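**Q** Questions regarding the structure given below will be posed in turn.
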Amino acid sequence: MIFRQMFDSVSGTYTYLLASRRGGEALIIDPVIEKVDRYLQLVRELDLKLVKAVDTHLHADHITGLGALRDRTHCITVMGEQTKADVVSMRVAEGERVGIEGVALEVLYTPGHTDDSYSYLMGDRVFTGDTLLIRGTGRTDFQNGDPRQQYDSIFNKLLRLPESTLVYPAHDYKGETVSTIGEEKAFNPRLQVKSIDEYVALMNNLNLPNPKMMDVAVPANMRVGLAQDEIARRGWAVGAHEAMGLLGRPEIAFVDLRESTEREKRGVIPGSIHAPYPALADNLGPGGSLRALADHKRLLFYCAFGERSAMAVQAAQDARLVTARHLQGGIDAWQKAGGPLSK
Ligand SMILES: [Fe+2]
């Protein structure tokens, strides 16, 4: 198991790099844009392939590295389904899993610091974002924060994990690196309250100044910019209504890039082929299944929101599959346009 905790001293952010082995797939949690070169250097040094980048919530104190990592590694970006960020290619909800080779994160919805705050449980450790900090909790006074929800997230979800569970937060300002659920239960001053009302009163009286970066970071993190605009300019995008007109045509192959869990949750475009995004390079390479298919059909990639499919159409064009297109806006746009779905 490869597990690295990295620190951005400007924002006090912890970033985590996870992989099951050298040479395998890797996942990163809460990357900071200024540190992207360092993460990618470490990924190379450990011979890893970065396939997923996760933000625990929309950050107000630093600009996320999600967009830059996506541009440079074509990784899948992941956030909770409540997020207002545009960049995200996979949105998860309570009870789902975020997986890479040999690693599975269990998704816990833990709102309160923001309404899109999630924690991720991996066996003996939990990544708590800004929901539960070491001897502290994330502020609840902006970005749809809510101390009542936070109390519920902490007391009824996180503190119910085994006491030995390691707590890895998104921030620390005093140099602490790790704690446990049992320690926080016993010694976190914010959690020594007798009722939810006492916790709400405590949180509502913190009177904290806004983070220095807030006016810059929040808008930037909501609009990290999609690869989709550029793909559309090149004429490689197909709108949902146009795509509906192509359904059932023998010369068109709809190719679903999503993961099995996403397909089960949302349904699939009838008759489409399943070719998960992480295997794209192999599928488009010599002897790959999509390359063979493209000999007699036009590939029409789709995913959840059009992000992975935009990257896929670029990869296909680079591999000289010039008729490849993608469904702009993904299954989300398809569904909104009234496109049929099957299970
Ligand atoms: Fe935060």
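Chain labels follow the order of the structure tokens: the first chain is A, the next B, and so on; residue numbering restarts at 1 in every chain, and ligands are counted from 1 in their shown order.
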Identify, on the basis of only C-alpha atoms, every residue whose closest approach to region 168-175 of chain A does not exceed 7 Å; exclude the query and any residue fewer than 5 positions from it along the same chain; express the result as number ranges by chain.
**A** A: 12-15, 126-130, 132-133
**Q** Print the selection's residues with N, CA and C atoms to a file, as a PDB file, in the first residue's frame.
**A**
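As a result, selection12.pdb now contains:
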ATOM      1  N   GLY A  12      -2.478  25.526   4.383  1.00  0.00           N
ATOM      2  CA  GLY A  12      -2.613  24.537   5.457  1.00  0.00           C
ATOM      3  C   GLY A  12      -3.386  23.301   5.023  1.00  0.00           C
ATOM      4  N   THR A  13      -3.315  22.979   3.720  1.00  0.00           N
ATOM      5  CA  THR A  13      -4.094  21.858   3.179  1.00  0.00           C
ATOM      6  C   THR A  13      -3.277  20.567   3.155  1.00  0.00           C
ATOM      7  N   TYR A  14      -3.916  19.480   3.528  1.00  0.00           N
ATOM      8  CA  TYR A  14      -3.335  18.155   3.341  1.00  0.00           C
ATOM      9  C   TYR A  14      -3.905  17.519   2.084  1.00  0.00           C
ATOM     10  N   THR A  15      -3.017  16.928   1.322  1.00  0.00           N
ATOM     11  CA  THR A  15      -3.392  16.214   0.105  1.00  0.00           C
ATOM     12  C   THR A  15      -2.907  14.779   0.280  1.00  0.00           C
ATOM     13  N   VAL A 126     -10.113   7.336   7.735  1.00  0.00           N
ATOM     14  CA  VAL A 126     -11.167   8.120   7.100  1.00  0.00           C
ATOM     15  C   VAL A 126     -10.624   9.510   6.765  1.00  0.00           C
ATOM     16  N   PHE A 127     -10.910   9.944   5.536  1.00  0.00           N
ATOM     17  CA  PHE A 127     -10.520  11.279   5.091  1.00  0.00           C
ATOM     18  C   PHE A 127     -11.737  12.169   5.320  1.00  0.00           C
ATOM     19  N   THR A 128     -11.596  13.093   6.285  1.00  0.00           N
ATOM     20  CA  THR A 128     -12.781  13.803   6.780  1.00  0.00           C
ATOM     21  C   THR A 128     -12.974  15.177   6.160  1.00  0.00           C
ATOM     22  N   GLY A 129     -12.118  15.562   5.200  1.00  0.00           N
ATOM     23  CA  GLY A 129     -12.264  16.885   4.604  1.00  0.00           C
ATOM     24  C   GLY A 129     -12.199  17.950   5.683  1.00  0.00           C
ATOM     25  N   ASP A 130     -13.129  18.922   5.639  1.00  0.00           N
ATOM     26  CA  ASP A 130     -13.184  19.939   6.696  1.00  0.00           C
ATOM     27  C   ASP A 130     -14.367  19.687   7.621  1.00  0.00           C
ATOM     28  N   LEU A 132     -14.523  17.079  10.038  1.00  0.00           N
ATOM     29  CA  LEU A 132     -13.889  16.842  11.336  1.00  0.00           C
ATOM     30  C   LEU A 132     -12.396  17.104  11.201  1.00  0.00           C
ATOM     31  N   LEU A 133     -11.908  18.076  11.962  1.00  0.00           N
ATOM     32  CA  LEU A 133     -10.478  18.385  11.964  1.00  0.00           C
ATOM     33  C   LEU A 133      -9.867  17.822  13.251  1.00  0.00           C
TER      34      LEU A 133
END
**Q** What's around Val103 (chain A) at 10 Å? Count only C-alpha atoms, leave out sequence neighbours fewer than 5 positions away in its own chain, and write the answer as JSON, numbers by chain.
**A** {"A": [1, 18, 19, 20, 21, 25, 26, 27, 97, 98, 122, 123]}
**Q** Those residues with N, CA and C atoms, as a PDB file, in the first residue's frame please?
**A**
ATOM      1  N   MET A   1       0.843  -1.202   0.000  1.00  0.00           N
ATOM      2  CA  MET A   1       0.000   0.000   0.000  1.00  0.00           C
ATOM      3  C   MET A   1       0.881   1.258   0.000  1.00  0.00           C
ATOM      4  N   LEU A  18      -2.899   7.902  -2.878  1.00  0.00           N
ATOM      5  CA  LEU A  18      -3.135   6.499  -2.527  1.00  0.00           C
ATOM      6  C   LEU A  18      -2.919   5.598  -3.739  1.00  0.00           C
ATOM      7  N   ALA A  19      -2.324   4.439  -3.490  1.00  0.00           N
ATOM      8  CA  ALA A  19      -2.201   3.424  -4.539  1.00  0.00           C
ATOM      9  C   ALA A  19      -1.971   2.089  -3.853  1.00  0.00           C
ATOM     10  N   SER A  20      -2.316   1.009  -4.517  1.00  0.00           N
ATOM     11  CA  SER A  20      -2.137  -0.293  -3.882  1.00  0.00           C
ATOM     12  C   SER A  20      -0.728  -0.839  -4.090  1.00  0.00           C
ATOM     13  N   ARG A  21      -0.025  -0.330  -5.111  1.00  0.00           N
ATOM     14  CA  ARG A  21       1.320  -0.874  -5.392  1.00  0.00           C
ATOM     15  C   ARG A  21       2.071   0.063  -6.323  1.00  0.00           C
ATOM     16  N   GLU A  25      -2.405   1.871 -10.328  1.00  0.00           N
ATOM     17  CA  GLU A  25      -3.251   3.062 -10.403  1.00  0.00           C
ATOM     18  C   GLU A  25      -3.190   3.845  -9.099  1.00  0.00           C
ATOM     19  N   ALA A  26      -3.331   5.165  -9.215  1.00  0.00           N
ATOM     20  CA  ALA A  26      -3.299   6.025  -8.029  1.00  0.00           C
ATOM     21  C   ALA A  26      -4.495   6.955  -8.008  1.00  0.00           C
ATOM     22  N   LEU A  27      -4.804   7.407  -6.794  1.00  0.00           N
ATOM     23  CA  LEU A  27      -5.898   8.353  -6.576  1.00  0.00           C
ATOM     24  C   LEU A  27      -5.369   9.447  -5.656  1.00  0.00           C
ATOM     25  N   ARG A  97     -19.075   3.807  -3.868  1.00  0.00           N
ATOM     26  CA  ARG A  97     -17.640   3.575  -3.708  1.00  0.00           C
ATOM     27  C   ARG A  97     -16.883   4.280  -4.808  1.00  0.00           C
ATOM     28  N   VAL A  98     -15.702   4.778  -4.464  1.00  0.00           N
ATOM     29  CA  VAL A  98     -14.787   5.305  -5.464  1.00  0.00           C
ATOM     30  C   VAL A  98     -13.631   4.315  -5.506  1.00  0.00           C
ATOM     31  N   MET A 122     -11.564   4.454   4.082  1.00  0.00           N
ATOM     32  CA  MET A 122     -10.766   3.411   3.447  1.00  0.00           C
ATOM     33  C   MET A 122     -10.233   2.501   4.548  1.00  0.00           C
ATOM     34  N   GLY A 123     -10.978   1.446   4.851  1.00  0.00           N
ATOM     35  CA  GLY A 123     -10.537   0.481   5.859  1.00  0.00           C
ATOM     36  C   GLY A 123     -10.320   1.118   7.215  1.00  0.00           C
TER      37      GLY A 123
END
**Q** Once you count only C-alpha atoms and all ligand atoms, what closest atom pair and distance in Å to one decimal does each residue of chain A within 10 Å of ligand 1 have, with rows by chain and rising residue number, as a tab-separated table?
**A**
residue	atom	partner	partner_atom_place_in_ligand_line	distance
A:Thr13	CA	ligand 1	1 (Fe)	9.3
A:Thr56	CA	ligand 1	1 (Fe)	8.4
A:His57	CA	ligand 1	1 (Fe)	6.7
A:Leu58	CA	ligand 1	1 (Fe)	6.8
A:His59	CA	ligand 1	1 (Fe)	4.7
A:Ala60	CA	ligand 1	1 (Fe)	5.8
A:Asp61	CA	ligand 1	1 (Fe)	6.8
A:His62	CA	ligand 1	1 (Fe)	8.9
A:His113	CA	ligand 1	1 (Fe)	6.8
A:Thr114	CA	ligand 1	1 (Fe)	7.4
A:Ser117	CA	ligand 1	1 (Fe)	8.3
A:Gly129	CA	ligand 1	1 (Fe)	7.2
A:Asp130	CA	ligand 1	1 (Fe)	5.1
A:Thr131	CA	ligand 1	1 (Fe)	8.2
A:Gly138	CA	ligand 1	1 (Fe)	6.7
A:Arg139	CA	ligand 1	1 (Fe)	7.9
A:Thr140	CA	ligand 1	1 (Fe)	9.4
A:Phe142	CA	ligand 1	1 (Fe)	9.8
A:Gln143	CA	ligand 1	1 (Fe)	9.2
A:Ala170	CA	ligand 1	1 (Fe)	7.7
A:His171	CA	ligand 1	1 (Fe)	8.2
A:Pro211	CA	ligand 1	1 (Fe)	9.7
**Q** Go ahead and save the picked residues with N, CA and C atoms, as a PDB file, in the first residue's frame.
**A**
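The result, stored in selection.pdb:
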ATOM      1  N   THR A  13      -3.315  22.979   3.720  1.00  0.00           N
ATOM      2  CA  THR A  13      -4.094  21.858   3.179  1.00  0.00           C
ATOM      3  C   THR A  13      -3.277  20.567   3.155  1.00  0.00           C
ATOM      4  N   THR A  56     -12.901  16.704  -1.466  1.00  0.00           N
ATOM      5  CA  THR A  56     -13.902  16.388  -0.434  1.00  0.00           C
ATOM      6  C   THR A  56     -15.052  17.385  -0.446  1.00  0.00           C
ATOM      7  N   HIS A  57     -14.775  18.605  -0.909  1.00  0.00           N
ATOM      8  CA  HIS A  57     -15.817  19.647  -1.010  1.00  0.00           C
ATOM      9  C   HIS A  57     -15.258  20.794  -1.823  1.00  0.00           C
ATOM     10  N   LEU A  58     -16.113  21.784  -2.133  1.00  0.00           N
ATOM     11  CA  LEU A  58     -15.647  22.954  -2.864  1.00  0.00           C
ATOM     12  C   LEU A  58     -14.883  23.845  -1.885  1.00  0.00           C
ATOM     13  N   HIS A  59     -13.584  23.977  -2.115  1.00  0.00           N
ATOM     14  CA  HIS A  59     -12.732  24.693  -1.160  1.00  0.00           C
ATOM     15  C   HIS A  59     -12.832  26.204  -1.320  1.00  0.00           C
ATOM     16  N   ALA A  60     -12.719  26.898  -0.186  1.00  0.00           N
ATOM     17  CA  ALA A  60     -12.787  28.364  -0.205  1.00  0.00           C
ATOM     18  C   ALA A  60     -11.433  29.003   0.045  1.00  0.00           C
ATOM     19  N   ASP A  61     -10.434  28.195   0.392  1.00  0.00           N
ATOM     20  CA  ASP A  61      -9.165  28.783   0.832  1.00  0.00           C
ATOM     21  C   ASP A  61      -8.001  28.489  -0.113  1.00  0.00           C
ATOM     22  N   HIS A  62      -8.246  27.718  -1.154  1.00  0.00           N
ATOM     23  CA  HIS A  62      -7.204  27.465  -2.150  1.00  0.00           C
ATOM     24  C   HIS A  62      -7.882  27.036  -3.444  1.00  0.00           C
ATOM     25  N   HIS A 113     -20.049  21.704   6.991  1.00  0.00           N
ATOM     26  CA  HIS A 113     -19.042  22.724   6.648  1.00  0.00           C
ATOM     27  C   HIS A 113     -19.483  23.403   5.349  1.00  0.00           C
ATOM     28  N   THR A 114     -19.857  22.597   4.372  1.00  0.00           N
ATOM     29  CA  THR A 114     -20.536  23.057   3.161  1.00  0.00           C
ATOM     30  C   THR A 114     -21.623  22.017   2.874  1.00  0.00           C
ATOM     31  N   SER A 117     -20.009  18.638   1.317  1.00  0.00           N
ATOM     32  CA  SER A 117     -18.892  18.018   2.044  1.00  0.00           C
ATOM     33  C   SER A 117     -19.064  16.503   2.162  1.00  0.00           C
ATOM     34  N   GLY A 129     -12.118  15.562   5.200  1.00  0.00           N
ATOM     35  CA  GLY A 129     -12.264  16.885   4.604  1.00  0.00           C
ATOM     36  C   GLY A 129     -12.199  17.950   5.683  1.00  0.00           C
ATOM     37  N   ASP A 130     -13.129  18.922   5.639  1.00  0.00           N
ATOM     38  CA  ASP A 130     -13.184  19.939   6.696  1.00  0.00           C
ATOM     39  C   ASP A 130     -14.367  19.687   7.621  1.00  0.00           C
ATOM     40  N   THR A 131     -14.923  18.484   7.581  1.00  0.00           N
ATOM     41  CA  THR A 131     -16.023  18.171   8.494  1.00  0.00           C
ATOM     42  C   THR A 131     -15.473  18.000   9.900  1.00  0.00           C
ATOM     43  N   GLY A 138     -14.760  22.004  10.902  1.00  0.00           N
ATOM     44  CA  GLY A 138     -14.761  23.034   9.868  1.00  0.00           C
ATOM     45  C   GLY A 138     -15.836  24.074  10.152  1.00  0.00           C
ATOM     46  N   ARG A 139     -15.542  25.310   9.843  1.00  0.00           N
ATOM     47  CA  ARG A 139     -16.511  26.392  10.053  1.00  0.00           C
ATOM     48  C   ARG A 139     -17.778  26.134   9.249  1.00  0.00           C
ATOM     49  N   THR A 140     -18.877  26.714   9.701  1.00  0.00           N
ATOM     50  CA  THR A 140     -20.176  26.415   9.065  1.00  0.00           C
ATOM     51  C   THR A 140     -20.899  27.693   8.647  1.00  0.00           C
ATOM     52  N   PHE A 142     -20.410  29.766   5.917  1.00  0.00           N
ATOM     53  CA  PHE A 142     -20.584  30.180   4.514  1.00  0.00           C
ATOM     54  C   PHE A 142     -20.747  28.950   3.625  1.00  0.00           C
ATOM     55  N   GLN A 143     -20.948  29.191   2.325  1.00  0.00           N
ATOM     56  CA  GLN A 143     -21.118  28.091   1.349  1.00  0.00           C
ATOM     57  C   GLN A 143     -22.182  27.079   1.790  1.00  0.00           C
ATOM     58  N   ALA A 170      -8.564  17.513   5.910  1.00  0.00           N
ATOM     59  CA  ALA A 170      -8.082  18.278   4.757  1.00  0.00           C
ATOM     60  C   ALA A 170      -7.178  19.429   5.172  1.00  0.00           C
ATOM     61  N   HIS A 171      -7.239  19.809   6.446  1.00  0.00           N
ATOM     62  CA  HIS A 171      -6.420  20.937   6.907  1.00  0.00           C
ATOM     63  C   HIS A 171      -5.891  20.700   8.304  1.00  0.00           C
ATOM     64  N   PRO A 211     -11.815  33.478   4.788  1.00  0.00           N
ATOM     65  CA  PRO A 211     -10.469  33.098   4.335  1.00  0.00           C
ATOM     66  C   PRO A 211      -9.941  34.108   3.323  1.00  0.00           C
TER      67      PRO A 211
END
**Q** Of the candidates A:Ala85, A:Ala316, A:Thr77, A:Ile63, which shows the shortest atom-to-atom distance to Asp215 (chain A), using only C-alpha atoms?
**A** A:Ile63
**Q** In terms of the shortest atom-to-atom distance over only C-alpha atoms, which of A:Thr83, A:Asn221, A:Gln150, A:Ser11 is closest to Leu66 (chain A)?
**A**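 Nearest to Leu66 (chain A): A:Asn221.
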**Q** How close does region 216-257 of chain A get to region 319-343 of chain A? List, as a tab-separated table, each residue of region 216-257 of chain A within 9 Å, its nearest atom pair and the distance in Å to one decimal, counting only C-alpha atoms.
**A**
residue	atom	partner	partner_atom	distance
A:Gln228	CA	A:Gln328	CA	7.2
A:Ile231	CA	A:His326	CA	8.8
A:Ala232	CA	A:Gln328	CA	8.0
A:Gly235	CA	A:Arg325	CA	8.4
A:Trp236	CA	A:Arg325	CA	4.8
A:Ala237	CA	A:His326	CA	5.1
A:Val238	CA	A:Leu327	CA	5.1
A:Gly239	CA	A:Gln328	CA	5.4
A:Ala240	CA	A:Trp334	CA	5.0
A:His241	CA	A:Ala337	CA	6.6
A:Ala243	CA	A:Leu327	CA	6.9
A:Met244	CA	A:Gly339	CA	6.3
A:Phe254	CA	A:His326	CA	8.9
A:Val255	CA	A:His326	CA	9.0
**Q** Could you turn the residues from that selection into a file that holds N, CA and C atoms, as a tab-separated table (two decimals), in the first residue's frame?
**A**
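Saved file selection00.tsv follows:
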chain	number	residue	atom	x	y	z
A	228	GLN	N	-14.76	20.42	-22.79
A	228	GLN	CA	-15.84	20.27	-23.76
A	228	GLN	C	-15.98	21.43	-24.74
A	231	ILE	N	-13.60	21.03	-27.62
A	231	ILE	CA	-14.01	19.90	-28.45
A	231	ILE	C	-15.18	20.30	-29.35
A	232	ALA	N	-16.10	21.09	-28.80
A	232	ALA	CA	-17.25	21.56	-29.59
A	232	ALA	C	-16.79	22.47	-30.72
A	235	GLY	N	-15.81	20.78	-33.71
A	235	GLY	CA	-16.87	20.07	-34.43
A	235	GLY	C	-16.99	18.60	-34.06
A	236	TRP	N	-16.49	18.24	-32.89
A	236	TRP	CA	-16.50	16.83	-32.48
A	236	TRP	C	-17.59	16.53	-31.46
A	237	ALA	N	-18.49	17.49	-31.23
A	237	ALA	CA	-19.54	17.29	-30.22
A	237	ALA	C	-20.89	17.11	-30.92
A	238	VAL	N	-21.73	16.28	-30.33
A	238	VAL	CA	-23.08	16.05	-30.83
A	238	VAL	C	-24.04	16.40	-29.69
A	239	GLY	N	-25.01	17.25	-29.94
A	239	GLY	CA	-25.98	17.60	-28.91
A	239	GLY	C	-26.93	16.44	-28.63
A	240	ALA	N	-27.64	16.53	-27.50
A	240	ALA	CA	-28.50	15.41	-27.08
A	240	ALA	C	-29.60	15.11	-28.10
A	241	HIS	N	-30.23	16.17	-28.64
A	241	HIS	CA	-31.32	15.92	-29.60
A	241	HIS	C	-30.81	15.27	-30.89
A	243	ALA	N	-28.15	13.48	-31.09
A	243	ALA	CA	-27.73	12.11	-30.75
A	243	ALA	C	-28.95	11.17	-30.71
A	244	MET	N	-30.09	11.69	-30.24
A	244	MET	CA	-31.29	10.86	-30.19
A	244	MET	C	-31.69	10.41	-31.59
A	254	PHE	N	-22.77	3.75	-29.99
A	254	PHE	CA	-22.73	4.52	-28.74
A	254	PHE	C	-21.80	3.79	-27.77
A	255	VAL	N	-20.83	4.51	-27.24
A	255	VAL	CA	-19.84	3.89	-26.35
A	255	VAL	C	-19.92	4.54	-24.97
